[in-house]
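Enquirer: This one is structure.cif, mmCIF, C-alpha atoms and all ligand atoms.
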```cif
data_run
loop_
_atom_site.label_atom_id
_atom_site.label_comp_id
_atom_site.auth_asym_id
_atom_site.auth_seq_id
_atom_site.Cartn_x
_atom_site.Cartn_y
_atom_site.Cartn_z
CA MET A 1 49.88 30.88 -25.46
CA SER A 2 51.79 30.98 -22.16
CA ILE A 3 50.84 28.53 -19.40
CA GLN A 4 49.48 31.44 -17.42
CA GLN A 5 47.14 32.34 -20.30
CA GLN A 6 46.14 28.72 -20.83
CA VAL A 7 44.96 28.19 -17.27
CA VAL A 8 43.15 31.53 -17.19
CA GLU A 9 41.45 31.01 -20.57
CA THR A 10 40.38 27.46 -19.68
CA PHE A 11 39.00 28.72 -16.37
CA LYS A 12 36.98 31.42 -18.17
CA THR A 13 35.55 28.93 -20.64
CA GLN A 14 34.66 26.46 -17.91
CA TYR A 15 33.15 28.84 -15.34
CA GLN A 16 32.11 31.86 -17.45
CA ALA A 17 34.00 34.08 -15.00
CA GLU A 18 37.48 35.38 -14.24
CA PRO A 19 39.54 33.34 -11.73
CA THR A 20 39.84 35.04 -8.33
CA PHE A 21 43.43 33.95 -7.84
CA LEU A 22 46.25 33.02 -10.17
CA ILE A 23 49.00 31.10 -8.36
CA ARG A 24 52.49 30.17 -9.50
CA ALA A 25 54.97 27.89 -7.69
CA PRO A 26 58.34 27.02 -9.28
CA GLY A 27 60.58 23.97 -9.61
CA ARG A 28 64.23 24.29 -8.62
CA VAL A 29 67.80 23.50 -9.43
CA ASN A 30 70.41 23.18 -6.68
CA LEU A 31 73.66 25.05 -7.34
CA ILE A 32 75.53 23.42 -4.47
CA GLY A 33 74.85 21.69 -1.12
CA GLU A 34 73.74 18.17 -2.06
CA HIS A 35 72.53 15.52 0.37
CA THR A 36 73.08 18.02 3.17
CA ASP A 37 69.46 19.02 3.88
CA TYR A 38 68.55 15.90 5.88
CA ASN A 39 71.80 16.38 7.82
CA ASP A 40 70.54 19.77 9.10
CA GLY A 41 73.09 21.39 6.78
CA PHE A 42 73.27 24.05 4.08
CA VAL A 43 71.94 24.10 0.51
CA MET A 44 72.01 26.80 -2.16
CA PRO A 45 69.30 26.23 -4.80
CA LEU A 46 67.44 28.65 -7.04
CA ALA A 47 63.78 28.64 -8.05
CA ILE A 48 63.61 28.31 -11.86
CA ASP A 49 61.42 29.64 -14.66
CA ARG A 50 59.45 26.39 -14.82
CA ALA A 51 56.46 26.16 -12.56
CA VAL A 52 53.00 24.87 -11.69
CA TRP A 53 50.17 27.36 -12.28
CA MET A 54 46.66 27.29 -10.79
CA ALA A 55 43.75 29.59 -11.74
CA VAL A 56 41.11 29.20 -9.04
CA ARG A 57 38.18 30.55 -7.05
CA ALA A 58 36.86 29.59 -3.62
CA ARG A 59 33.81 27.34 -3.22
CA ASP A 60 31.17 27.56 -0.55
CA ASP A 61 31.55 23.88 0.36
CA ASP A 62 34.55 21.70 1.17
CA GLN A 63 35.06 20.24 -2.31
CA ILE A 64 38.29 20.50 -4.30
CA MET A 65 37.74 20.36 -8.07
CA LEU A 66 40.84 20.95 -10.15
CA LYS A 67 40.98 20.29 -13.87
CA SER A 68 44.51 19.51 -15.05
CA LEU A 69 45.68 20.42 -18.54
CA ASP A 70 48.49 17.85 -18.16
CA PHE A 71 46.66 14.79 -16.84
CA ALA A 72 43.47 13.15 -18.04
CA ASP A 73 41.85 12.81 -14.62
CA PRO A 74 40.66 15.84 -12.67
CA ILE A 75 41.67 16.20 -9.02
CA GLN A 76 38.51 15.89 -7.01
CA PHE A 77 37.94 15.24 -3.31
CA SER A 78 36.21 16.49 -0.20
CA LEU A 79 38.24 18.16 2.57
CA SER A 80 36.22 16.38 5.24
CA GLN A 81 36.55 12.88 3.77
CA MET A 82 40.03 12.23 2.49
CA SER A 83 41.58 8.82 1.95
CA LYS A 84 44.86 7.85 0.37
CA GLY A 85 44.76 6.77 -3.25
CA THR A 86 47.41 5.37 -5.55
CA ALA A 87 50.35 7.68 -6.26
CA SER A 88 49.10 10.31 -8.70
CA PRO A 89 49.14 14.12 -8.87
CA SER A 90 46.02 14.26 -6.72
CA GLU A 91 47.88 12.64 -3.80
CA TYR A 92 50.18 15.69 -3.57
CA VAL A 93 47.19 18.02 -3.44
CA LYS A 94 45.40 15.83 -0.90
CA GLY A 95 48.59 15.45 1.14
CA VAL A 96 48.97 19.22 1.47
CA ALA A 97 45.28 19.57 2.42
CA TRP A 98 45.81 16.88 5.08
CA ALA A 99 48.99 18.50 6.47
CA LEU A 100 47.39 21.98 6.65
CA GLN A 101 44.25 20.67 8.33
CA ASP A 102 46.33 18.54 10.69
CA ALA A 103 48.19 21.73 11.69
CA GLY A 104 44.86 23.30 12.62
CA TYR A 105 44.14 25.45 9.56
CA ALA A 106 40.47 25.82 8.54
CA LEU A 107 40.45 25.32 4.78
CA ARG A 108 37.87 26.32 2.18
CA GLY A 109 37.14 24.28 -0.92
CA PHE A 110 38.17 25.62 -4.32
CA GLU A 111 37.77 24.94 -8.03
CA GLY A 112 39.87 25.77 -11.04
CA VAL A 113 42.44 24.76 -13.61
CA MET A 114 46.11 23.79 -13.30
CA LYS A 115 49.06 23.16 -15.58
CA GLY A 116 52.83 22.96 -15.17
CA ASP A 117 56.03 22.87 -17.22
CA VAL A 118 58.48 21.43 -14.68
CA PRO A 119 59.56 18.18 -16.36
CA ILE A 120 58.25 15.32 -14.23
CA GLY A 121 60.73 12.87 -12.74
CA SER A 122 63.85 14.64 -13.97
CA GLY A 123 64.94 15.94 -10.56
CA LEU A 124 63.73 19.54 -10.92
CA SER A 125 61.13 19.13 -8.13
CA SER A 126 57.86 19.07 -10.01
CA SER A 127 56.28 17.55 -6.89
CA ALA A 128 57.45 20.36 -4.59
CA ALA A 129 56.13 22.87 -7.15
CA LEU A 130 52.72 21.16 -7.07
CA GLU A 131 52.74 21.04 -3.27
CA LEU A 132 53.61 24.72 -2.89
CA ALA A 133 51.10 25.75 -5.57
CA THR A 134 48.49 23.86 -3.54
CA ALA A 135 49.55 25.39 -0.22
CA ARG A 136 49.61 28.90 -1.75
CA THR A 137 46.16 28.32 -3.23
CA PHE A 138 44.70 27.13 0.08
CA ALA A 139 46.22 30.15 1.82
CA ALA A 140 44.68 32.50 -0.78
CA VAL A 141 41.16 31.04 -0.86
CA SER A 142 41.02 30.45 2.91
CA GLY A 143 42.49 33.82 3.88
CA LEU A 144 45.50 32.36 5.72
CA ALA A 145 48.66 34.34 6.42
CA TRP A 146 51.48 33.14 4.17
CA ASP A 147 54.42 32.00 6.27
CA ALA A 148 56.71 30.57 3.58
CA PRO A 149 59.07 28.37 5.68
CA HIS A 150 56.14 27.02 7.72
CA MET A 151 54.22 26.18 4.55
CA ALA A 152 57.35 24.51 3.15
CA ARG A 153 57.55 22.34 6.30
CA LEU A 154 53.90 21.32 5.98
CA SER A 155 54.39 20.51 2.28
CA GLN A 156 57.40 18.36 3.16
CA LYS A 157 55.25 16.61 5.78
CA ALA A 158 52.67 15.92 3.05
CA GLU A 159 55.34 14.34 0.86
CA ASN A 160 56.89 12.35 3.74
CA GLN A 161 53.72 11.14 5.42
CA TRP A 162 50.94 11.22 2.81
CA VAL A 163 52.80 10.47 -0.42
CA GLY A 164 55.43 8.38 1.39
CA VAL A 165 58.66 9.86 -0.02
CA ASN A 166 61.32 10.48 2.60
CA CYS A 167 62.71 13.76 1.15
CA GLY A 168 64.47 16.57 3.02
CA ILE A 169 63.31 20.20 3.18
CA MET A 170 65.29 21.75 0.30
CA ASP A 171 62.82 21.41 -2.57
CA GLN A 172 59.77 22.72 -0.71
CA MET A 173 61.76 25.55 0.88
CA ILE A 174 63.15 26.94 -2.37
CA SER A 175 59.78 26.63 -4.12
CA ALA A 176 58.41 28.73 -1.24
CA VAL A 177 61.19 31.31 -0.74
CA GLY A 178 62.92 31.64 -4.15
CA GLN A 179 63.94 35.13 -5.30
CA ALA A 180 64.32 36.36 -8.87
CA GLY A 181 67.98 36.82 -9.77
CA TYR A 182 69.29 35.04 -6.68
CA ALA A 183 70.27 31.66 -5.35
CA VAL A 184 69.14 31.19 -1.75
CA LEU A 185 71.40 29.82 0.98
CA ILE A 186 69.14 27.82 3.29
CA ASP A 187 70.10 26.67 6.75
CA CYS A 188 68.09 23.44 6.84
CA ARG A 189 68.09 23.35 10.64
CA SER A 190 66.73 26.82 11.42
CA LEU A 191 65.24 27.48 7.95
CA ALA A 192 66.98 30.86 7.99
CA THR A 193 67.67 32.08 4.46
CA ASP A 194 70.15 34.42 2.86
CA THR A 195 70.29 35.44 -0.79
CA ALA A 196 73.37 35.23 -3.00
CA PRO A 197 73.34 37.07 -6.35
CA LEU A 198 73.91 34.94 -9.43
CA PRO A 199 77.18 36.05 -11.02
CA GLN A 200 76.97 38.60 -13.84
CA GLY A 201 77.77 37.40 -17.35
CA CYS A 202 76.93 33.76 -16.88
CA TYR A 203 73.96 31.43 -17.07
CA VAL A 204 72.84 28.52 -14.95
CA VAL A 205 72.33 25.64 -17.40
CA VAL A 206 70.46 22.46 -16.48
CA LEU A 207 71.64 19.36 -18.34
CA ASP A 208 69.12 16.54 -18.17
CA THR A 209 70.84 13.20 -18.89
CA ALA A 210 67.48 11.72 -19.97
CA THR A 211 68.22 8.79 -17.66
CA ARG A 212 66.10 7.83 -14.67
CA ARG A 213 66.99 5.06 -12.29
CA GLY A 214 64.60 3.07 -10.20
CA LEU A 215 65.84 2.21 -6.71
CA VAL A 216 66.52 5.90 -6.08
CA ASP A 217 64.27 5.79 -3.03
CA SER A 218 66.00 2.84 -1.42
CA ALA A 219 69.48 4.21 -2.18
CA TYR A 220 68.41 7.60 -0.80
CA ASN A 221 67.08 6.05 2.40
CA GLU A 222 70.26 4.00 2.75
CA ARG A 223 72.36 7.20 2.51
CA ARG A 224 70.20 8.85 5.15
CA GLN A 225 70.72 5.89 7.46
CA GLN A 226 74.50 5.95 6.92
CA CYS A 227 74.55 9.66 7.77
CA GLU A 228 72.52 9.04 10.94
CA ASN A 229 74.93 6.28 11.94
CA ALA A 230 77.85 8.65 11.43
CA ALA A 231 76.17 11.39 13.50
CA ALA A 232 75.54 8.86 16.29
CA PHE A 233 79.21 7.86 16.21
CA PHE A 234 80.24 11.50 16.71
CA GLY A 235 77.58 11.90 19.43
CA VAL A 236 75.74 14.76 17.70
CA LYS A 237 72.19 15.35 16.47
CA ALA A 238 73.21 15.60 12.81
CA LEU A 239 76.39 15.69 10.71
CA ARG A 240 75.95 19.46 10.46
CA ASP A 241 77.45 19.56 13.97
CA VAL A 242 80.73 17.86 13.02
CA THR A 243 83.63 20.10 11.99
CA SER A 244 86.35 19.00 9.60
CA ALA A 245 88.84 19.06 12.47
CA THR A 246 86.75 16.65 14.59
CA PHE A 247 86.20 14.48 11.57
CA GLU A 248 89.91 14.29 10.75
CA ALA A 249 90.76 13.45 14.36
CA GLN A 250 88.25 10.60 14.72
CA ALA A 251 87.43 9.35 11.24
CA HIS A 252 89.92 6.46 11.38
CA GLU A 253 87.60 4.75 13.87
CA LEU A 254 84.76 4.63 11.33
CA ASP A 255 84.29 1.90 8.77
CA GLU A 256 85.31 2.89 5.24
CA VAL A 257 81.81 3.47 3.80
CA THR A 258 80.47 5.49 6.76
CA ARG A 259 83.68 7.56 6.73
CA GLN A 260 83.20 8.41 3.05
CA ARG A 261 79.54 9.35 3.47
CA ALA A 262 80.32 11.59 6.45
CA ARG A 263 83.26 13.21 4.67
CA HIS A 264 81.01 14.19 1.77
CA VAL A 265 78.42 15.84 4.01
CA ILE A 266 80.95 17.67 6.18
CA THR A 267 82.99 19.00 3.24
CA GLU A 268 79.85 19.81 1.21
CA ASN A 269 78.55 22.03 4.00
CA GLU A 270 81.88 23.89 3.95
CA ARG A 271 81.80 24.19 0.16
CA THR A 272 78.26 25.56 0.26
CA LEU A 273 79.15 28.30 2.74
CA ALA A 274 82.29 29.08 0.70
CA ALA A 275 80.16 29.24 -2.46
CA LYS A 276 77.96 31.91 -0.94
CA ASN A 277 81.03 33.99 -0.10
CA ALA A 278 82.37 33.51 -3.63
CA MET A 279 79.06 34.77 -5.02
CA LEU A 280 79.03 37.79 -2.74
CA ALA A 281 82.57 38.55 -3.93
CA GLY A 282 81.54 38.02 -7.58
CA ASP A 283 84.20 35.31 -7.87
CA VAL A 284 82.70 33.04 -10.49
CA GLN A 285 85.92 31.02 -10.95
CA GLN A 286 85.87 30.04 -7.28
CA LEU A 287 82.16 29.20 -7.40
CA GLY A 288 82.80 26.95 -10.40
CA ALA A 289 85.72 25.23 -8.67
CA LEU A 290 83.52 24.49 -5.63
CA MET A 291 80.83 23.00 -7.90
CA ASN A 292 83.44 20.73 -9.52
CA ALA A 293 84.70 19.60 -6.12
CA SER A 294 81.09 18.91 -5.08
CA HIS A 295 80.64 16.58 -8.05
CA ILE A 296 83.81 14.66 -7.26
CA SER A 297 82.73 14.26 -3.63
CA LEU A 298 79.23 13.08 -4.64
CA ARG A 299 80.76 10.65 -7.11
CA ASP A 300 83.58 9.21 -5.00
CA ASP A 301 82.51 9.63 -1.36
CA PHE A 302 78.71 9.70 -1.45
CA ALA A 303 78.44 7.34 -4.46
CA VAL A 304 75.24 8.84 -5.92
CA SER A 305 76.44 9.75 -9.41
CA SER A 306 76.01 7.51 -12.47
CA VAL A 307 77.78 6.79 -15.75
CA ALA A 308 75.42 9.19 -17.54
CA LEU A 309 75.84 11.97 -14.97
CA ASP A 310 79.63 11.61 -15.03
CA ALA A 311 79.57 11.71 -18.83
CA ILE A 312 77.50 14.88 -19.07
CA VAL A 313 79.55 16.60 -16.35
CA ALA A 314 82.79 15.62 -18.13
CA ALA A 315 81.41 17.04 -21.40
CA ALA A 316 80.56 20.29 -19.58
CA TRP A 317 83.99 20.47 -17.91
CA ALA A 318 85.64 20.07 -21.33
CA HIS A 319 84.06 23.26 -22.69
CA PRO A 320 86.15 26.43 -22.22
CA ALA A 321 83.09 28.54 -21.32
CA CYS A 322 82.18 26.31 -18.36
CA TYR A 323 83.14 27.70 -14.94
CA GLY A 324 81.92 24.60 -13.13
CA ALA A 325 79.48 21.69 -13.34
CA ARG A 326 78.12 18.97 -11.09
CA MET A 327 75.28 16.49 -10.71
CA THR A 328 72.29 18.07 -8.95
CA GLY A 329 69.41 16.62 -6.92
CA ALA A 330 69.27 13.13 -5.46
CA GLY A 331 71.50 11.60 -8.19
CA PHE A 332 71.63 8.17 -9.92
CA GLY A 333 70.30 9.88 -13.08
CA GLY A 334 68.36 13.06 -13.75
CA CYS A 335 70.15 16.37 -14.12
CA ALA A 336 73.49 18.10 -13.84
CA VAL A 337 73.91 21.86 -13.44
CA ALA A 338 76.58 24.01 -15.09
CA LEU A 339 77.65 27.62 -14.77
CA VAL A 340 78.45 28.93 -18.24
CA LYS A 341 79.78 32.20 -19.68
CA SER A 342 76.74 33.82 -21.28
CA ASP A 343 78.28 34.86 -24.59
CA ALA A 344 79.27 31.25 -25.33
CA VAL A 345 76.18 29.49 -24.00
CA HIS A 346 74.87 28.54 -27.43
CA ASP A 347 78.11 26.83 -28.39
CA PHE A 348 78.23 25.15 -24.95
CA VAL A 349 74.77 23.68 -25.38
CA GLN A 350 75.60 22.38 -28.87
CA GLN A 351 78.93 20.87 -27.92
CA VAL A 352 77.84 19.25 -24.66
CA SER A 353 74.72 17.77 -26.27
CA THR A 354 76.68 16.31 -29.16
CA GLU A 355 79.45 14.93 -27.01
CA TYR A 356 77.06 13.43 -24.46
CA SER A 357 74.94 11.79 -27.18
CA GLN A 358 78.03 10.32 -28.80
CA ARG A 359 79.31 8.91 -25.51
CA THR A 360 76.05 7.52 -24.18
CA HIS A 361 73.51 7.33 -27.02
CA TYR A 362 71.03 9.34 -24.93
CA THR A 363 69.61 12.66 -26.15
CA PRO A 364 69.90 15.24 -23.39
CA GLN A 365 67.45 18.04 -22.62
CA VAL A 366 69.09 21.36 -21.90
CA TYR A 367 67.47 24.31 -20.09
CA VAL A 368 69.09 27.70 -19.71
CA CYS A 369 67.49 28.92 -16.47
CA GLN A 370 66.45 32.20 -14.94
CA ALA A 371 66.16 32.45 -11.15
CA THR A 372 62.58 33.35 -10.24
CA ASP A 373 60.45 34.13 -7.21
CA GLY A 374 58.98 31.41 -5.02
CA ALA A 375 55.26 30.60 -4.67
CA THR A 376 53.18 33.72 -5.30
CA VAL A 377 49.69 34.96 -6.00
CA VAL A 378 50.23 36.56 -9.41
CA THR A 379 46.91 38.39 -9.53
CA SER A 380 43.96 38.56 -7.18
C1 LIG A 401 66.16 15.16 -3.33
C2 LIG A 401 65.41 15.47 -2.04
C3 LIG A 401 66.01 16.68 -1.33
C4 LIG A 401 67.53 16.53 -1.17
C5 LIG A 401 68.18 16.11 -2.49
C6 LIG A 401 69.66 15.82 -2.34
O1 LIG A 401 65.98 16.19 -4.24
O2 LIG A 401 64.05 15.74 -2.32
O3 LIG A 401 65.38 16.89 -0.09
O4 LIG A 401 67.84 15.62 -0.15
O5 LIG A 401 67.55 14.98 -3.05
O6 LIG A 401 70.35 16.98 -2.02
#
```
Re-express the file's structure as structure tokens.
Ligand code: GLA

Expert:
Amino acid sequence: MSIQQQVVETFKTQYQAEPTFLIRAPGRVNLIGEHTDYNDGFVMPLAIDRAVWMAVRARDDDQIMLKSLDFADPIQFSLSQMSKGTASPSEYVKGVAWALQDAGYALRGFEGVMKGDVPIGSGLSSSAALELATARTFAAVSGLAWDAPHMARLSQKAENQWVGVNCGIMDQMISAVGQAGYAVLIDCRSLATDTAPLPQGCYVVVLDTATRRGLVDSAYNERRQQCENAAAFFGVKALRDVTSATFEAQAHELDEVTRQRARHVITENERTLAAKNAMLAGDVQQLGALMNASHISLRDDFAVSSVALDAIVAAAWAHPACYGARMTGAGFGGCAVALVKSDAVHDFVQQVSTEYSQRTHYTPQVYVCQATDGATVVTS
């Protein structure tokens, strides 16, 4: 049974009625534009065919009652009496309720069933998927207009201020605005979006190293601080405002580490804009080359790769059907993304998995992805 059927069938058994709304919000993989979002820069992710689903109906009171098919404990709280609990799935739901109410929205309670298949903790944004599923559900049951970028901002606020994770806007935005068949170029300052068609004849393949590293949060916050220091040095609001020419002219005055961090962000923004043009031109070779350059920059200048990520990317690069590959997401573990010729994808998956396992003794997970729509009401 599909996840969609599972949540609907469980709802029917539990409530002896059809759900009023079926909501889907996807996870994501980022093709290019890494560690640029919190520098007001450009990213180009796609929403993937792994998502959080909710089958729900409105309640007449202000209670939220959500049975999860993934977690033992139901999500249960009152919209008028919310307090922070320990980090658990319910904190993401509560956080979104808090952010929406704080923005002045009048919310109705709801009840229903949820389940997801975005692997948790692997860097495919299972938390953003849960946040956007929650926001889309509140909008549906409360009769709110759906303004996708605004809802993404409020979901990010929930994660920053309620859950306490200092993420940028990329994950929530793509879960909100994704489009089937396309990657989406997002300007993380204005939240303007532009679609770029995925090249014909190739697949986006996610390679999960099966490694997770603690300390990601502190290393992430440290990178953010280094980027802010660099922006202050150049006298601008964010590194997005520094051109390569300005950087080249003044970079010698920066200390070595700050210079490297800034160089990554400035060149990555350029690569991301170039990648969109390559996609519009159908130039898959160029897109792949930009992805490879992104990995090298993340590894050498931004220092967020890992032995496992480098190993899986090297295994991908070694396969003749691979146009390009790079680490994706925050780094230090988690996933890489590769662009692979479709007729050889099976052989690619076999060879990369074998080679990576031999080199590292980890067993990777591999997902061949489809680009899907962002948060939607599937039926009503
Ligand atoms: C994590 C964050 C995003 C972004 C990436 C790095 O996924 O949640 O906001 O900063 O890292 O590009």

Enquirer: Hey, which residues sit close to ligand LIG 401 (chain A)? Say within 6 Å, counting all atoms listed in the file, and write them as a PyMOL selection string.

Expert: chain A and resi 34-37+167-171+329-330

Enquirer: Smallest atom-to-atom distance to Glu228 in chain A: which of A:Asn39, A:Ser125, A:Ile174, A:Glu131, using all atoms listed in the file?

Expert: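 Of A:Asn39, A:Ser125, A:Ile174, A:Glu131, the one nearest Glu228 in chain A is A:Asn39, counting all atoms listed in the file.
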
Enquirer: Near Ala311 in chain A, within 8 Å and counting all atoms listed in the file, which residues show up once chain neighbours fewer than 5 positions away are dropped, as a PDB file with C-alpha atoms, in the frame of the given file?

Expert:
```
ATOM      1  CA  TYR A 356      77.060  13.430 -24.460  1.00  0.00           C
ATOM      2  CA  ARG A 359      79.310   8.910 -25.510  1.00  0.00           C
ATOM      3  CA  THR A 360      76.050   7.520 -24.180  1.00  0.00           C
TER       4      THR A 360
END
```

Enquirer: List as a VMD selection string the protein and nucleic acid residues near Glu270 in chain A, meaning an atom at most 10 Å away when only C-alpha atoms are counted, but skip any in the same chain fewer than 2 places from it.

Expert: chain A and resid 33 41 to 42 240 243 to 244 264 to 268 272 to 275 290

Enquirer: Given all atoms listed in the file as the basis, pick out the residue of A:Ile186, A:Leu132, A:Val165, A:Leu124 nearest to Val96 in chain A.

Expert: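 Ranking A:Ile186, A:Leu132, A:Val165, A:Leu124 by distance to Val96 in chain A, first place goes to A:Leu132.
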
Enquirer: With distances taken over all atoms listed in the file, which of A:Tyr182, A:Phe138, A:Tyr362, A:Trp162 is nearest to Ala47 in chain A?

Expert: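 Between A:Tyr182, A:Phe138, A:Tyr362, A:Trp162, the residue approaching Ala47 in chain A most closely is A:Tyr182.
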
Enquirer: Need the shell around Gly201 in chain A: protein/DNA/RNA residues with any atom at most 10 Å away, counting all atoms listed in the file. Skip same-chain ones fewer than 4 positions apart. Format as a ChimeraX atom specification?

Expert: /A:284,340-343

Enquirer: Just to confirm, what's the straight-line distance from CA of Val163 in chain A to CA of Lys84 in chain A in Å (one decimal)?

Expert: 8.4 Å

Enquirer: Separation of CA of Val377 in chain A and CA of Thr134 in chain A, in Å?

Expert: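 That distance, rounded to one decimal, is 11.4 Å.
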
Enquirer: Any idea what the distance is between CA of Thr328 in chain A and CA of Asp208 in chain A?

Expert: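 Answer for the CA of Thr328 in chain A to CA of Asp208 in chain A separation: 9.9 Å.
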
Enquirer: Applying 12 Å and all atoms listed in the file, which residues near His295 in chain A remain after dropping the ones on its own chain fewer than 6 positions away? List them as a PDB file with C-alpha atoms, in the coordinates of the input.

Expert:
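Final output, around-v8.pdb:
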```
ATOM      1  CA  LEU A  31      73.660  25.050  -7.340  1.00  0.00           C
ATOM      2  CA  ILE A  32      75.530  23.420  -4.470  1.00  0.00           C
ATOM      3  CA  GLY A  33      74.850  21.690  -1.120  1.00  0.00           C
ATOM      4  CA  GLU A  34      73.740  18.170  -2.060  1.00  0.00           C
ATOM      5  CA  HIS A  35      72.530  15.520   0.370  1.00  0.00           C
ATOM      6  CA  HIS A 264      81.010  14.190   1.770  1.00  0.00           C
ATOM      7  CA  THR A 267      82.990  19.000   3.240  1.00  0.00           C
ATOM      8  CA  GLU A 268      79.850  19.810   1.210  1.00  0.00           C
ATOM      9  CA  ARG A 271      81.800  24.190   0.160  1.00  0.00           C
ATOM     10  CA  GLY A 288      82.800  26.950 -10.400  1.00  0.00           C
ATOM     11  CA  ALA A 289      85.720  25.230  -8.670  1.00  0.00           C
ATOM     12  CA  ASP A 301      82.510   9.630  -1.360  1.00  0.00           C
ATOM     13  CA  PHE A 302      78.710   9.700  -1.450  1.00  0.00           C
ATOM     14  CA  ALA A 303      78.440   7.340  -4.460  1.00  0.00           C
ATOM     15  CA  VAL A 304      75.240   8.840  -5.920  1.00  0.00           C
ATOM     16  CA  SER A 305      76.440   9.750  -9.410  1.00  0.00           C
ATOM     17  CA  SER A 306      76.010   7.510 -12.470  1.00  0.00           C
ATOM     18  CA  LEU A 309      75.840  11.970 -14.970  1.00  0.00           C
ATOM     19  CA  ASP A 310      79.630  11.610 -15.030  1.00  0.00           C
ATOM     20  CA  ALA A 311      79.570  11.710 -18.830  1.00  0.00           C
ATOM     21  CA  ILE A 312      77.500  14.880 -19.070  1.00  0.00           C
ATOM     22  CA  VAL A 313      79.550  16.600 -16.350  1.00  0.00           C
ATOM     23  CA  ALA A 314      82.790  15.620 -18.130  1.00  0.00           C
ATOM     24  CA  TRP A 317      83.990  20.470 -17.910  1.00  0.00           C
ATOM     25  CA  GLY A 324      81.920  24.600 -13.130  1.00  0.00           C
ATOM     26  CA  ALA A 325      79.480  21.690 -13.340  1.00  0.00           C
ATOM     27  CA  ARG A 326      78.120  18.970 -11.090  1.00  0.00           C
ATOM     28  CA  MET A 327      75.280  16.490 -10.710  1.00  0.00           C
ATOM     29  CA  THR A 328      72.290  18.070  -8.950  1.00  0.00           C
ATOM     30  CA  GLY A 329      69.410  16.620  -6.920  1.00  0.00           C
ATOM     31  CA  GLY A 331      71.500  11.600  -8.190  1.00  0.00           C
ATOM     32  CA  ALA A 336      73.490  18.100 -13.840  1.00  0.00           C
ATOM     33  CA  VAL A 337      73.910  21.860 -13.440  1.00  0.00           C
ATOM     34  CA  ALA A 338      76.580  24.010 -15.090  1.00  0.00           C
TER      35      ALA A 338
END
```
